[in-house]
Structures are given as structure tokens and as C-alpha cells.
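Colleague: Here you go, query.cif (mmCIF, C-alpha atoms):
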data_run
#
loop_
_atom_site.label_atom_id
_atom_site.label_comp_id
_atom_site.auth_asym_id
_atom_site.auth_seq_id
_atom_site.Cartn_x
_atom_site.Cartn_y
_atom_site.Cartn_z
CA MET I 204 -5.88 33.56 3.50
CA SER I 205 -6.90 31.64 0.40
CA PHE I 206 -10.48 31.91 -0.77
CA LEU I 207 -11.03 28.23 -0.04
CA ARG I 208 -9.77 28.52 3.50
CA LYS I 209 -11.94 31.57 4.02
CA ALA I 210 -14.99 29.93 2.46
CA LEU I 211 -14.66 26.85 4.59
CA SER I 212 -13.73 28.35 7.90
CA GLN I 213 -16.58 30.78 8.58
CA GLY I 214 -19.17 30.09 11.25
CA LYS I 215 -19.84 27.55 13.95
CA GLN I 216 -22.13 25.49 11.73
CA GLU I 217 -19.40 25.17 9.12
CA GLN I 218 -16.83 24.23 11.74
CA LYS I 219 -19.19 21.59 13.12
CA VAL I 220 -19.62 20.07 9.65
CA LEU I 221 -15.88 20.06 8.97
CA GLU I 222 -15.21 18.36 12.31
CA LYS I 223 -17.78 15.72 11.45
CA ILE I 224 -16.21 15.12 8.05
CA LYS I 225 -12.85 14.69 9.77
CA ARG I 226 -14.47 12.29 12.21
CA HIS I 227 -16.03 10.40 9.27
CA LEU I 228 -12.62 10.04 7.64
CA GLY I 229 -11.09 9.01 10.96
CA LEU I 230 -13.69 6.26 11.34
CA LEU I 231 -12.90 5.05 7.84
CA CYS I 232 -9.22 4.79 8.73
CA GLU I 233 -10.16 2.90 11.88
CA ALA I 234 -12.35 0.52 9.90
CA CYS I 235 -9.55 -0.23 7.44
CA ASN I 236 -7.16 -0.73 10.31
CA PHE I 237 -9.51 -3.16 12.04
CA PHE I 238 -9.90 -4.95 8.73
CA LYS I 239 -6.16 -5.32 8.36
CA ASN I 240 -5.69 -6.44 11.95
CA ALA I 241 -8.51 -8.95 11.59
CA MET I 242 -6.83 -10.46 8.54
CA GLU I 243 -3.38 -10.51 10.11
CA ASN I 244 -4.67 -12.18 13.25
CA ASN I 245 -7.41 -14.21 11.56
CA SER I 246 -9.88 -12.73 14.00
CA PRO I 247 -13.59 -12.77 13.05
CA ASN I 248 -14.37 -10.61 16.10
CA LEU I 249 -12.26 -7.78 14.80
CA MET I 250 -13.79 -8.15 11.37
CA HIS I 251 -17.30 -7.83 12.87
CA HIS I 252 -16.20 -4.51 14.32
CA VAL I 253 -15.83 -3.14 10.78
CA ALA I 254 -19.61 -3.32 10.25
CA GLU I 255 -20.18 -1.46 13.52
CA LEU I 256 -17.88 1.32 12.41
CA GLU I 257 -19.67 1.47 9.06
CA ARG I 258 -22.99 1.99 10.82
CA GLU I 259 -21.46 4.74 12.89
CA GLY I 260 -20.09 6.25 9.70
CA ASP I 261 -23.54 6.15 8.14
CA ALA I 262 -24.95 8.04 11.11
CA ILE I 263 -22.29 10.72 10.84
CA ARG I 264 -22.85 11.01 7.09
CA ARG I 265 -26.57 11.66 7.64
CA GLU I 266 -25.75 14.30 10.26
CA ILE I 267 -23.28 16.00 7.91
CA ILE I 268 -25.76 16.19 5.05
CA SER I 269 -28.49 17.36 7.34
CA ASP I 270 -26.26 20.08 8.85
CA VAL I 271 -25.11 21.20 5.42
CA TYR I 272 -28.62 21.65 4.05
CA GLU I 273 -29.81 23.27 7.25
CA GLY I 274 -27.66 26.21 6.36
CA ALA I 275 -23.95 25.50 6.64
CA PHE I 276 -21.84 26.85 3.77
CA LEU I 277 -22.88 28.79 0.74
CA PRO I 278 -25.22 26.89 -1.60
CA TYR I 279 -22.65 26.37 -4.36
CA LEU I 280 -20.31 24.60 -1.90
CA ARG I 281 -22.92 22.31 -0.41
CA SER I 282 -23.28 19.81 -3.26
CA ASP I 283 -19.50 19.42 -3.61
CA LEU I 284 -19.00 18.69 0.06
CA CYS I 285 -21.95 16.31 0.16
CA LYS I 286 -20.68 14.49 -2.91
CA PHE I 287 -17.30 14.04 -1.26
CA VAL I 288 -18.97 12.66 1.87
CA GLU I 289 -20.99 10.24 -0.27
CA MET I 290 -17.78 9.06 -1.95
CA VAL I 291 -16.24 8.39 1.45
CA ASP I 292 -19.40 6.51 2.34
CA ASN I 293 -18.92 4.37 -0.80
CA VAL I 294 -15.48 3.42 0.48
CA PHE I 295 -17.02 2.52 3.83
CA ASP I 296 -19.65 0.34 2.16
CA THR I 297 -16.98 -1.46 0.15
CA VAL I 298 -14.89 -2.10 3.26
CA LYS I 299 -17.92 -3.45 5.07
CA ASP I 300 -18.98 -5.68 2.17
CA THR I 301 -15.44 -6.99 1.79
CA ALA I 302 -15.37 -7.75 5.52
CA SER I 303 -18.59 -9.75 5.08
CA TYR I 304 -17.10 -11.71 2.21
CA TYR I 305 -14.03 -12.43 4.32
CA LEU I 306 -16.20 -13.86 7.08
CA ASP I 307 -18.06 -15.98 4.53
CA THR I 308 -15.04 -17.48 2.81
CA LYS I 309 -11.94 -19.45 3.69
CA LEU I 310 -9.02 -17.46 2.41
CA PRO I 311 -6.54 -19.76 0.63
CA HIS I 312 -3.09 -19.65 2.18
CA GLU I 313 -1.59 -19.10 -1.27
CA ILE I 314 -2.97 -15.57 -1.42
CA ARG I 315 -3.27 -14.66 2.25
CA GLU I 316 -0.02 -12.76 2.49
CA GLU I 317 -0.73 -10.66 -0.58
CA CYS I 318 -4.25 -9.91 0.68
CA VAL I 319 -2.82 -8.69 3.99
CA ARG I 320 -0.42 -6.46 2.03
CA VAL I 321 -3.34 -4.93 0.15
CA ALA I 322 -5.19 -4.38 3.43
CA LEU I 323 -2.11 -2.60 4.76
CA LEU I 324 -1.92 -0.41 1.67
CA ASN I 325 -5.63 0.39 2.06
CA VAL I 326 -4.90 1.71 5.56
CA GLY I 327 -2.17 3.95 4.18
CA THR I 328 -4.43 5.21 1.40
CA CYS I 329 -7.22 6.08 3.84
CA GLU I 330 -4.82 7.98 6.04
CA MET I 331 -3.57 9.85 3.01
CA LEU I 332 -7.14 10.85 2.11
CA SER I 333 -7.62 12.23 5.59
CA ILE I 334 -4.34 14.14 5.32
CA THR I 335 -5.43 15.48 1.92
CA PHE I 336 -8.71 16.76 3.35
CA ASP I 337 -6.85 18.52 6.16
CA ALA I 338 -4.48 20.04 3.64
CA MET I 339 -7.42 21.30 1.57
CA LEU I 340 -8.85 23.01 4.64
CA GLN I 341 -5.50 24.73 5.15
CA GLY I 342 -5.57 25.96 1.57
CA GLU I 343 -2.47 23.93 0.68
CA ASP I 344 -1.66 22.61 -2.76
CA LEU I 345 -2.92 19.04 -3.01
CA HIS I 346 -0.79 17.75 -5.87
CA GLU I 347 1.69 15.84 -3.72
CA LYS I 348 -1.03 14.33 -1.57
CA THR I 349 -3.09 13.10 -4.51
CA LEU I 350 0.08 11.76 -6.13
CA ALA I 351 0.74 9.73 -2.99
CA ILE I 352 -2.77 8.26 -3.21
CA ARG I 353 -2.24 7.39 -6.88
CA ILE I 354 1.01 5.66 -5.92
CA TYR I 355 -0.85 3.53 -3.38
CA GLU I 356 -3.55 2.73 -5.93
CA LYS I 357 -0.99 1.70 -8.52
CA LYS I 358 0.73 -0.55 -6.00
CA VAL I 359 -2.56 -2.26 -5.18
CA ASP I 360 -3.25 -2.67 -8.89
CA ASP I 361 0.07 -4.46 -9.32
CA ILE I 362 -0.79 -6.85 -6.52
CA LYS I 363 -4.33 -7.31 -7.85
CA PHE I 364 -3.12 -8.74 -11.16
CA SER I 365 -0.83 -11.10 -9.33
CA LEU I 366 -3.66 -12.10 -6.95
CA PHE I 367 -6.09 -12.93 -9.74
CA ARG I 368 -3.39 -14.93 -11.48
CA ASP I 369 -2.64 -16.94 -8.33
CA VAL I 370 -6.23 -17.49 -7.24
CA ARG I 371 -7.02 -19.23 -10.52
CA LYS I 372 -4.76 -22.06 -9.41
CA VAL I 373 -6.79 -22.52 -6.21
CA PRO I 374 -9.52 -25.16 -6.44
CA VAL I 375 -12.98 -24.23 -5.17
CA GLU I 376 -15.73 -26.58 -4.13
CA ASN I 377 -18.60 -24.86 -5.87
CA PHE I 378 -19.63 -21.79 -7.84
CA TRP I 379 -20.67 -19.76 -4.79
CA ASP I 380 -17.42 -20.38 -2.91
CA GLY I 381 -15.56 -19.15 -5.97
CA ARG I 382 -17.91 -16.23 -6.41
CA ILE I 383 -17.54 -15.04 -2.81
CA LEU I 384 -13.76 -15.36 -2.99
CA ALA I 385 -13.70 -13.36 -6.22
CA ASP I 386 -15.97 -10.71 -4.69
CA PHE I 387 -13.69 -10.52 -1.68
CA ILE I 388 -10.61 -9.93 -3.84
CA SER I 389 -12.43 -7.41 -6.04
CA GLY I 390 -13.66 -5.51 -2.99
CA LEU I 391 -10.29 -5.57 -1.26
CA THR I 392 -8.45 -4.29 -4.32
CA GLY I 393 -11.17 -1.79 -5.27
CA ILE I 394 -10.99 0.30 -2.11
CA THR I 395 -8.02 2.34 -3.30
CA ASP I 396 -9.79 3.05 -6.61
CA ILE I 397 -12.69 4.74 -4.82
CA ILE I 398 -10.35 6.63 -2.52
CA GLU I 399 -8.41 7.83 -5.55
CA ASP I 400 -11.65 9.15 -7.05
CA ALA I 401 -12.48 10.90 -3.76
CA SER I 402 -9.03 12.50 -3.66
CA ASP I 403 -9.41 13.65 -7.26
CA TYR I 404 -12.68 15.25 -6.22
CA LEU I 405 -10.99 17.10 -3.38
CA GLN I 406 -8.52 18.40 -5.94
CA ILE I 407 -11.41 19.62 -8.09
CA ILE I 408 -12.99 21.38 -5.10
CA SER I 409 -9.67 22.93 -4.21
CA VAL I 410 -8.94 24.15 -7.75
CA SER I 411 -12.47 25.47 -8.29
CA MET I 412 -12.12 27.67 -5.21
CA ARG I 413 -9.05 29.51 -6.48
CA MET X 183 34.41 -16.99 -8.81
CA GLN X 184 33.98 -14.44 -6.07
CA THR X 185 33.82 -15.75 -2.54
CA PRO X 186 30.22 -15.19 -1.50
CA CYS X 187 29.98 -12.47 1.07
CA ILE X 188 26.66 -10.98 1.94
CA PHE X 189 26.56 -7.28 2.65
CA TYR X 190 23.89 -7.07 5.27
CA ILE X 191 22.42 -4.34 7.38
CA GLU X 192 20.49 -5.01 10.55
CA LEU X 193 18.71 -2.12 12.13
CA GLU X 194 16.82 -2.32 15.37
CA LEU X 195 13.78 -0.09 15.45
CA GLU X 196 11.45 0.66 18.30
CA VAL X 197 7.76 0.64 17.57
CA ASP X 198 5.15 1.77 20.02
CA HIS X 199 3.62 -1.70 20.51
CA ALA X 200 1.46 -0.64 23.46
CA ARG X 201 -0.55 1.79 21.35
CA TRP X 202 -0.64 -0.66 18.47
CA MET X 203 -2.28 -3.34 20.57
CA GLN X 204 -5.11 -1.17 21.90
CA TYR X 205 -7.83 -2.28 19.55
CA GLU X 206 -10.58 -0.30 21.27
CA GLN X 207 -9.15 3.05 20.29
CA VAL X 208 -6.91 2.21 17.44
CA ASP X 209 -4.77 5.00 16.16
CA PRO X 210 -4.18 4.05 12.53
CA LEU X 211 -0.97 6.04 12.49
CA ALA X 212 0.45 4.28 15.55
CA ALA X 213 1.91 1.41 13.57
CA PHE X 214 4.15 3.69 11.61
CA VAL X 215 5.09 6.19 14.28
CA MET X 216 8.58 5.86 15.63
CA ALA X 217 9.49 6.36 19.25
CA ASP X 218 10.81 9.82 18.36
CA GLY X 219 7.51 10.76 16.68
CA ARG X 220 8.64 10.48 13.08
CA PHE X 221 6.35 8.78 10.59
CA VAL X 222 8.22 6.26 8.48
CA MET X 223 7.15 3.90 5.78
CA LYS X 224 7.86 0.24 6.23
CA LEU X 225 9.68 -1.77 3.59
CA ARG X 226 6.99 -4.41 3.52
CA GLU X 227 4.53 -1.86 2.15
CA PHE X 228 6.53 -1.27 -0.98
CA MET X 229 8.74 -4.24 -1.56
CA THR X 230 7.88 -6.85 -4.16
CA THR X 231 7.37 -10.21 -2.51
CA LYS X 232 6.99 -12.30 -5.63
CA LEU X 233 10.58 -13.32 -6.36
CA GLU X 234 11.15 -15.09 -9.66
CA SER X 235 14.25 -17.22 -10.03
CA VAL X 236 16.16 -19.54 -12.31
CA ASP X 237 18.67 -22.24 -11.59
CA HIS X 238 22.31 -21.29 -12.01
CA SER X 239 22.70 -23.93 -14.71
CA ALA X 240 19.91 -22.49 -16.88
CA SER X 241 20.97 -20.64 -19.99
CA ALA X 242 20.91 -16.87 -20.07
CA TYR X 243 18.31 -17.20 -22.82
CA GLU X 244 15.91 -19.07 -20.53
CA ALA X 245 16.39 -16.37 -17.93
CA ILE X 246 15.74 -13.65 -20.51
CA GLU X 247 12.57 -15.42 -21.63
CA LYS X 248 11.32 -15.49 -18.05
CA MET X 249 12.09 -11.81 -17.57
CA VAL X 250 10.19 -10.92 -20.74
CA ASP X 251 7.20 -13.15 -19.95
CA ARG X 252 6.89 -11.93 -16.36
CA ARG X 253 7.68 -8.33 -17.33
CA ILE X 254 10.35 -8.03 -14.68
CA ARG X 255 13.77 -6.39 -14.74
CA SER X 256 15.63 -8.78 -12.49
CA LEU X 257 15.74 -12.45 -11.68
CA LEU X 258 17.25 -14.36 -8.79
CA VAL X 259 19.78 -16.99 -9.79
CA ARG X 260 19.80 -19.98 -7.47
CA PHE X 261 23.17 -21.37 -6.60
CA PRO X 262 23.65 -24.42 -4.40
CA GLY X 263 23.45 -23.55 -0.72
CA SER X 264 21.25 -21.27 1.33
CA GLU X 265 19.15 -18.42 0.00
CA ARG X 266 21.96 -16.08 0.91
CA GLU X 267 24.01 -17.76 -1.82
CA TYR X 268 21.74 -16.46 -4.57
CA GLY X 269 22.86 -14.14 -7.33
CA VAL X 270 20.82 -11.67 -9.33
CA MET X 271 20.54 -11.21 -13.06
CA THR X 272 19.23 -7.86 -14.21
CA ALA X 273 18.26 -6.41 -17.56
CA ARG X 274 21.42 -4.35 -17.29
CA ASP X 275 23.53 -7.52 -16.96
CA VAL X 276 21.76 -9.06 -19.93
CA VAL X 277 22.37 -6.07 -22.16
CA PHE X 278 25.92 -5.12 -21.16
CA LYS X 279 27.39 -8.59 -20.55
CA VAL X 280 25.66 -10.58 -23.28
CA LEU X 281 23.55 -8.89 -25.95
CA ALA X 282 25.60 -5.74 -26.56
CA LYS X 283 28.74 -7.89 -26.90
CA GLY X 284 27.11 -10.04 -29.54
CA ILE X 285 27.32 -13.14 -27.36
CA ASP X 286 24.71 -15.85 -27.97
CA PRO X 287 22.57 -15.97 -24.77
CA LYS X 288 21.87 -19.66 -25.39
CA ALA X 289 25.59 -20.35 -25.12
CA VAL X 290 25.96 -18.61 -21.76
CA LYS X 291 24.78 -19.82 -18.37
CA ALA X 292 22.83 -17.65 -15.95
CA SER X 293 25.59 -18.21 -13.42
CA ASP X 294 28.06 -16.47 -15.74
CA VAL X 295 25.88 -13.39 -16.08
CA ALA X 296 24.54 -13.08 -12.53
CA SER X 297 25.95 -10.58 -10.07
CA ARG X 298 26.91 -11.75 -6.62
CA PRO X 299 26.55 -11.28 -3.73
CA LEU X 300 23.06 -10.01 -3.17
CA PHE X 301 22.76 -6.75 -1.35
CA CYS X 302 20.34 -7.36 1.50
CA VAL X 303 18.70 -5.38 4.24
CA ASN X 304 16.67 -6.50 7.22
CA LYS X 305 12.92 -6.21 6.75
CA ASP X 306 12.75 -3.55 9.45
CA ALA X 307 15.29 -1.27 7.83
CA GLU X 308 14.37 2.34 7.22
CA LEU X 309 14.04 3.63 3.69
CA GLY X 310 16.81 6.17 4.20
CA GLU X 311 19.28 3.41 4.98
CA VAL X 312 18.16 1.48 1.90
CA ALA X 313 18.68 4.55 -0.27
CA ARG X 314 22.17 5.07 1.12
CA LEU X 315 23.03 1.43 0.48
CA MET X 316 21.81 1.65 -3.10
CA GLU X 317 23.86 4.79 -3.69
CA GLU X 318 27.04 3.42 -2.09
CA ALA X 319 26.79 0.07 -3.85
CA ASN X 320 25.50 1.62 -7.10
CA VAL X 321 22.71 -0.92 -7.39
CA GLY X 322 19.15 -0.49 -8.55
CA ARG X 323 17.56 -2.95 -6.16
CA VAL X 324 18.13 -4.36 -2.72
CA PHE X 325 16.79 -7.62 -1.38
CA VAL X 326 14.90 -7.73 1.88
CA CYS X 327 15.65 -10.49 4.34
CA ASP X 328 13.64 -11.91 7.19
CA GLY X 329 16.29 -13.78 9.10
CA GLU X 330 17.90 -16.20 6.69
CA LYS X 331 15.00 -16.06 4.27
CA LEU X 332 14.60 -13.71 1.34
CA ALA X 333 11.34 -11.84 1.90
CA GLY X 334 11.30 -9.54 -1.09
CA VAL X 335 13.07 -6.97 -3.19
CA ILE X 336 12.84 -3.20 -3.22
CA SER X 337 13.85 -1.28 -6.30
CA LEU X 338 14.61 2.37 -6.99
CA ILE X 339 11.06 2.89 -8.27
CA ASP X 340 9.65 1.39 -5.08
CA LEU X 341 11.92 3.60 -3.03
CA MET X 342 10.87 6.66 -5.00
CA ALA X 343 7.19 5.81 -4.42
CA ALA X 344 7.73 5.32 -0.71
CA LYS X 345 9.71 8.55 -0.35
CA LEU X 346 7.00 10.50 -2.20
CA ILE X 347 4.44 9.19 0.24
CA GLU X 348 6.59 10.14 3.22
CA ARG X 349 6.97 13.59 1.70
CA ALA X 350 3.20 13.89 1.17
CA ARG X 351 2.71 13.00 4.82
CA GLY X 352 5.09 15.81 5.68
CA ASN X 353 7.82 13.61 7.13
CA GLU X 354 10.87 13.96 4.95
CA LEU X 355 13.80 12.09 6.43
CA SER X 356 17.33 13.41 6.39
#
Could you render the structure as C-alpha cells?
Modeller:
Amino acid sequence: MSFLRKALSQGKQEQKVLEKIKRHLGLLCEACNFFKNAMENNSPNLMHHVAELEREGDAIRREIISDVYEGAFLPYLRSDLCKFVEMVDNVFDTVKDTASYYLDTKLPHEIREECVRVALLNVGTCEMLSITFDAMLQGEDLHEKTLAIRIYEKKVDDIKFSLFRDVRKVPVENFWDGRILADFISGLTGITDIIEDASDYLQIISVSMR
Amino acid sequence: MQTPCIFYIELELEVDHARWMQYEQVDPLAAFVMADGRFVMKLREFMTTKLESVDHSASAYEAIEKMVDRRIRSLLVRFPGSEREYGVMTARDVVFKVLAKGIDPKAVKASDVASRPLFCVNKDAELGEVARLMEEANVGRVFVCDGEKLAGVISLIDLMAAKLIERARGNELS
């Protein structure tokens, strides 16, 4: 059994924390999925659900950190795991903020389809992060998983440049309408960047344990 | 001129719509899980939807300019008729049919350089089928159709990216 697998799999406390981290990642995937569905169906109700999931994610994050510093895992592992959880929380916050911007703006039809594509890619990236975490727990090599996440991020980047080019042709009524639209696009296209950073961090944890 | 004849694949896939529609307990993986349990990527995730085109009567030089400015390797060439009547002009066509032969691109029309017909697949096609089509037809890109409409294009690079993701998910297709 690899050292990482051994280090992470001892004790009920540790198992509880790992299950909560998996649950945290699962909630993130759900949130991104609701976000995508809300955009596809133009449903504000579904979009409101994203904020609820984010609050639930916050609660789980606090439990994880509390459990970790109450004694789960060896001290040198604690900060790494907590940092990863905080990075996932950053993704959650970005998804929630982007959902708020969506509810506060009228998405121009010229860019709607591309925005839905990015939302779909965000779902895939989240799922990949969850798969990467599971792979790390199994002591597997993470190179292929993190490559897949980088592929998603690159794809979103390609669409981002095209989005910003197209949105400049869209008239806005005032500064704040334009600002909120820009924030929405930045948030939507920035989710994969944060997930990529989180996956890179998992790779660091994995390599440092060998 | 070749008689236009579209090589077209239609594949019917079953998706577990019942699970997909249950918003209360959404399984994010449900959308991509086939009836037989395999996880497959969808073309729409990786195809390029922004299709640039030129008119068939434009010069090859104008088409080349557009390809350089947009940083793209292929361009649709619009012929009269439906979207299925389009041709495609690629960097390969430009180099081998025009520039390498010392032909002045301003003296040649896009219609003379374009390849026809377009190789198309239905938007619900699986990536494995697309790969086989590319290999059999020896083409570097395949256009994606939604009914009679061109929805996008998927290139070898896009296919490679999608296959790597399937592999990372642990679902390599035969």
C-alpha cells in the first residue's frame, strides 16, 4: 500500500473527514450542474438553488476543518488537506457569485449558447476534480487526471476569448449593467482556473507523500 | 465539379432521461452515462461552434487572410444551396494546392481550392465513430450537424482532448 494511501486511511476520524471532503466535492458538482441546468432552461428557481448548496458546502467545510484540527491525521498533513478544502470552497464561492450575477443580468442571446457550453465544461471539470481526489486516496498516479482538468481549462479559455470579443458588440444601457455582465462572464470562465489550481495542489500532496 | 454527396452518419443513442430530469437529487454524471453504464463524452462539449466562412467566389487570398486573422486552420466555403452544399478549405489545401505550386492565391477562387463534400456526423454521434470516420476518410476534421444545420466542427485535436478525458475517467472505448 502506498504511503499516501496508508497515511490517509487510518482511523475512524480520518475516514469521517475523507467522506466529508468527498461530500463537499459532490455538492460542488451538484451546484455546477444546477447552474448549467438553470442556464439551459432559463430557470431562476434552479439558479437560487446554487446558493443553498453553497451554504451547505460552507457548513461541511467548517466541519471538515474542525474535525481535522480536533485530531484527525498527522499534523503535517492537516494544513495540506485544509488548504485543498479552502480551494474547493473558493470554487463554490465563485459559482455562487456567478449565479447571483446571472440573476441580476439579462444574458444577451448572442452569447447565451457559448455561456451554456462553458457551464457544461465547468460540470465536467468539477467531476474530474472529484475523480482526481478519489484517485489520490487510492494512491494512483494523478497525471492523467490533472491533464484532463487542464484540457477542460484550456477549452474554457478558448471560449472565453471568443465570449469577450462577442460581448463587446452587445450594447448595454449603463455602466452597472455592463459591469455585472462582465463579472458574470469572468466568474463563469474563471471556475475552471480555480479547479485547475486545486487539482495541481492534489498533485503536490500526492507527490510529497511518496 | 464533383456531384455533391454528403457522407453522413446518424446514430441513435439512449440517454437516461428519467435520472437527468430529477433535479432534487441530481447525479451530475447521469447526463453522460449511457444505458449500458459507459461514460461517454458528448460532441457538443468539444466541438467548435464558431464556424467562419467565405463565399465561393472570394479569392483564395481573401480566405487565407481570414484564416490568418482568426488563427484558424479551416474555413467553410459557401456554395449556393443549403448548408449541406458547403465545402471546406484547410491550411493543407492552401499549401499543397496553391502556395507550394507557386500559384498566385489572388488569381484562384476559394471554390477551386475547397474540398467537397463535407464530412458530417450527427450531433449525438459517439467520439469513437467520429474517430473511425476521420481515419477512413483521411480527414483532420468532421463537421457536426443538427438536422440540416451545421452546428460545429470537431478536429483531431478536439478528439484527442475528448479521448484523454474519457481515459482519465477510466472509460476507454473500444
Colleague: Which residues, written as number ranges by chain, have at least one atom at most 6 Å from segment 220-234 of chain I, with all atoms listed in the file counted and residues fewer than 4 positions away on the same chain left out?
Modeller: I: 253, 260, 267, 329, 333
Colleague: One number please: atom CA of Phe367 of chain I to atom CA of Thr231 of chain X, in Å, one decimal.
Modeller: 15.5 Å
Colleague: Taking the file above as input, evaluate the PyMOL selection byres ((chain I and resi 328) around 9) and report the hits as a CSV table (one decimal) with C-alpha atoms, in the frame of the given file.
Modeller:
chain,number,residue,atom,x,y,z
I,232,CYS,CA,-9.2,4.8,8.7
I,323,LEU,CA,-2.1,-2.6,4.8
I,324,LEU,CA,-1.9,-0.4,1.7
I,325,ASN,CA,-5.6,0.4,2.1
I,326,VAL,CA,-4.9,1.7,5.6
I,327,GLY,CA,-2.2,4.0,4.2
I,329,CYS,CA,-7.2,6.1,3.8
I,330,GLU,CA,-4.8,8.0,6.0
I,331,MET,CA,-3.6,9.8,3.0
I,332,LEU,CA,-7.1,10.8,2.1
I,333,SER,CA,-7.6,12.2,5.6
I,351,ALA,CA,0.7,9.7,-3.0
I,352,ILE,CA,-2.8,8.3,-3.2
I,353,ARG,CA,-2.2,7.4,-6.9
I,355,TYR,CA,-0.8,3.5,-3.4
I,356,GLU,CA,-3.6,2.7,-5.9
I,394,ILE,CA,-11.0,0.3,-2.1
I,395,THR,CA,-8.0,2.3,-3.3
I,398,ILE,CA,-10.4,6.6,-2.5
I,399,GLU,CA,-8.4,7.8,-5.6
Colleague: Could you tell me which residues the PyMOL selection byres ((chain I and resi 384) around 12) grabs in this file, written as JSON, numbers by chain?
Modeller: {"I": [301, 302, 303, 304, 305, 306, 307, 308, 309, 310, 311, 314, 315, 318, 366, 367, 370, 371, 373, 374, 375, 376, 377, 378, 379, 380, 381, 382, 383, 385, 386, 387, 388, 389, 390, 391]}
Colleague: For the structure provided, state which residues fall under the PyMOL selection byres ((chain X and resi 341) around 10), and present them as JSON, numbers by chain.
Modeller: {"X": [225, 228, 229, 309, 310, 312, 313, 322, 323, 336, 337, 338, 339, 340, 342, 343, 344, 345, 346, 347]}
Colleague: Smallest atom-to-atom distance to chain X: which of I:His252, I:Arg368, I:Lys239, I:Arg320, using all atoms listed in the file?
Modeller: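 Under the stated criterion, the closest residue is I:Arg320.
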Colleague: Using only C-alpha atoms, which of X:Thr230, X:Asn320, X:Ser293, X:Ser239 sits nearest chain I?
Modeller: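 Closest candidate: X:Thr230.
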Colleague: Contacts of segment 288-298 of chain I at 6 Å or less, counting all atoms listed in the file, minus same-chain residues fewer than 2 places along, as number ranges by chain?
Modeller: I: 257, 285-286, 300-301, 401
Colleague: Export C-alpha atoms of the chosen residues as a compact mmCIF listing (two decimals), in the coordinates of the input?
Modeller:
# COMPACT_ATOMS: atom_id res chain seq x y z
CA GLU I 257 -19.67 1.47 9.06
CA CYS I 285 -21.95 16.31 0.16
CA LYS I 286 -20.68 14.49 -2.91
CA ASP I 300 -18.98 -5.68 2.17
CA THR I 301 -15.44 -6.99 1.79
CA ALA I 401 -12.48 10.90 -3.76
Colleague: Identify which of the residues X:Ala296, X:Arg253, X:Ser241, X:Ala282 lies closest to chain I, counting all atoms listed in the file when measuring atom-to-atom distances.
Modeller: X:Arg253
Colleague: May I ask for the distance between atom CA of Glu217 of chain I and atom CA of Ala275 of chain I, given in Å to one decimal place?
Modeller: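 Atom CA of Ala275 of chain I lies at a distance of 5.2 Å from atom CA of Glu217 of chain I.
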Colleague: Out of I:Asp400, I:Glu317, I:Asp270, I:Glu243, which residue has the shortest atom-to-atom distance to Ser365 of chain I when counting all atoms listed in the file?
Modeller: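 Checking each of I:Asp400, I:Glu317, I:Asp270, I:Glu243 against Ser365 of chain I, counting all atoms listed in the file, the winner is I:Glu317.
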Colleague: Quick one: of X:Gly329, X:Arg252, X:Glu311, X:Asp237, who's nearest to chain I, counting only C-alpha atoms?
Modeller: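 Smallest separation from chain I among the options: X:Arg252.
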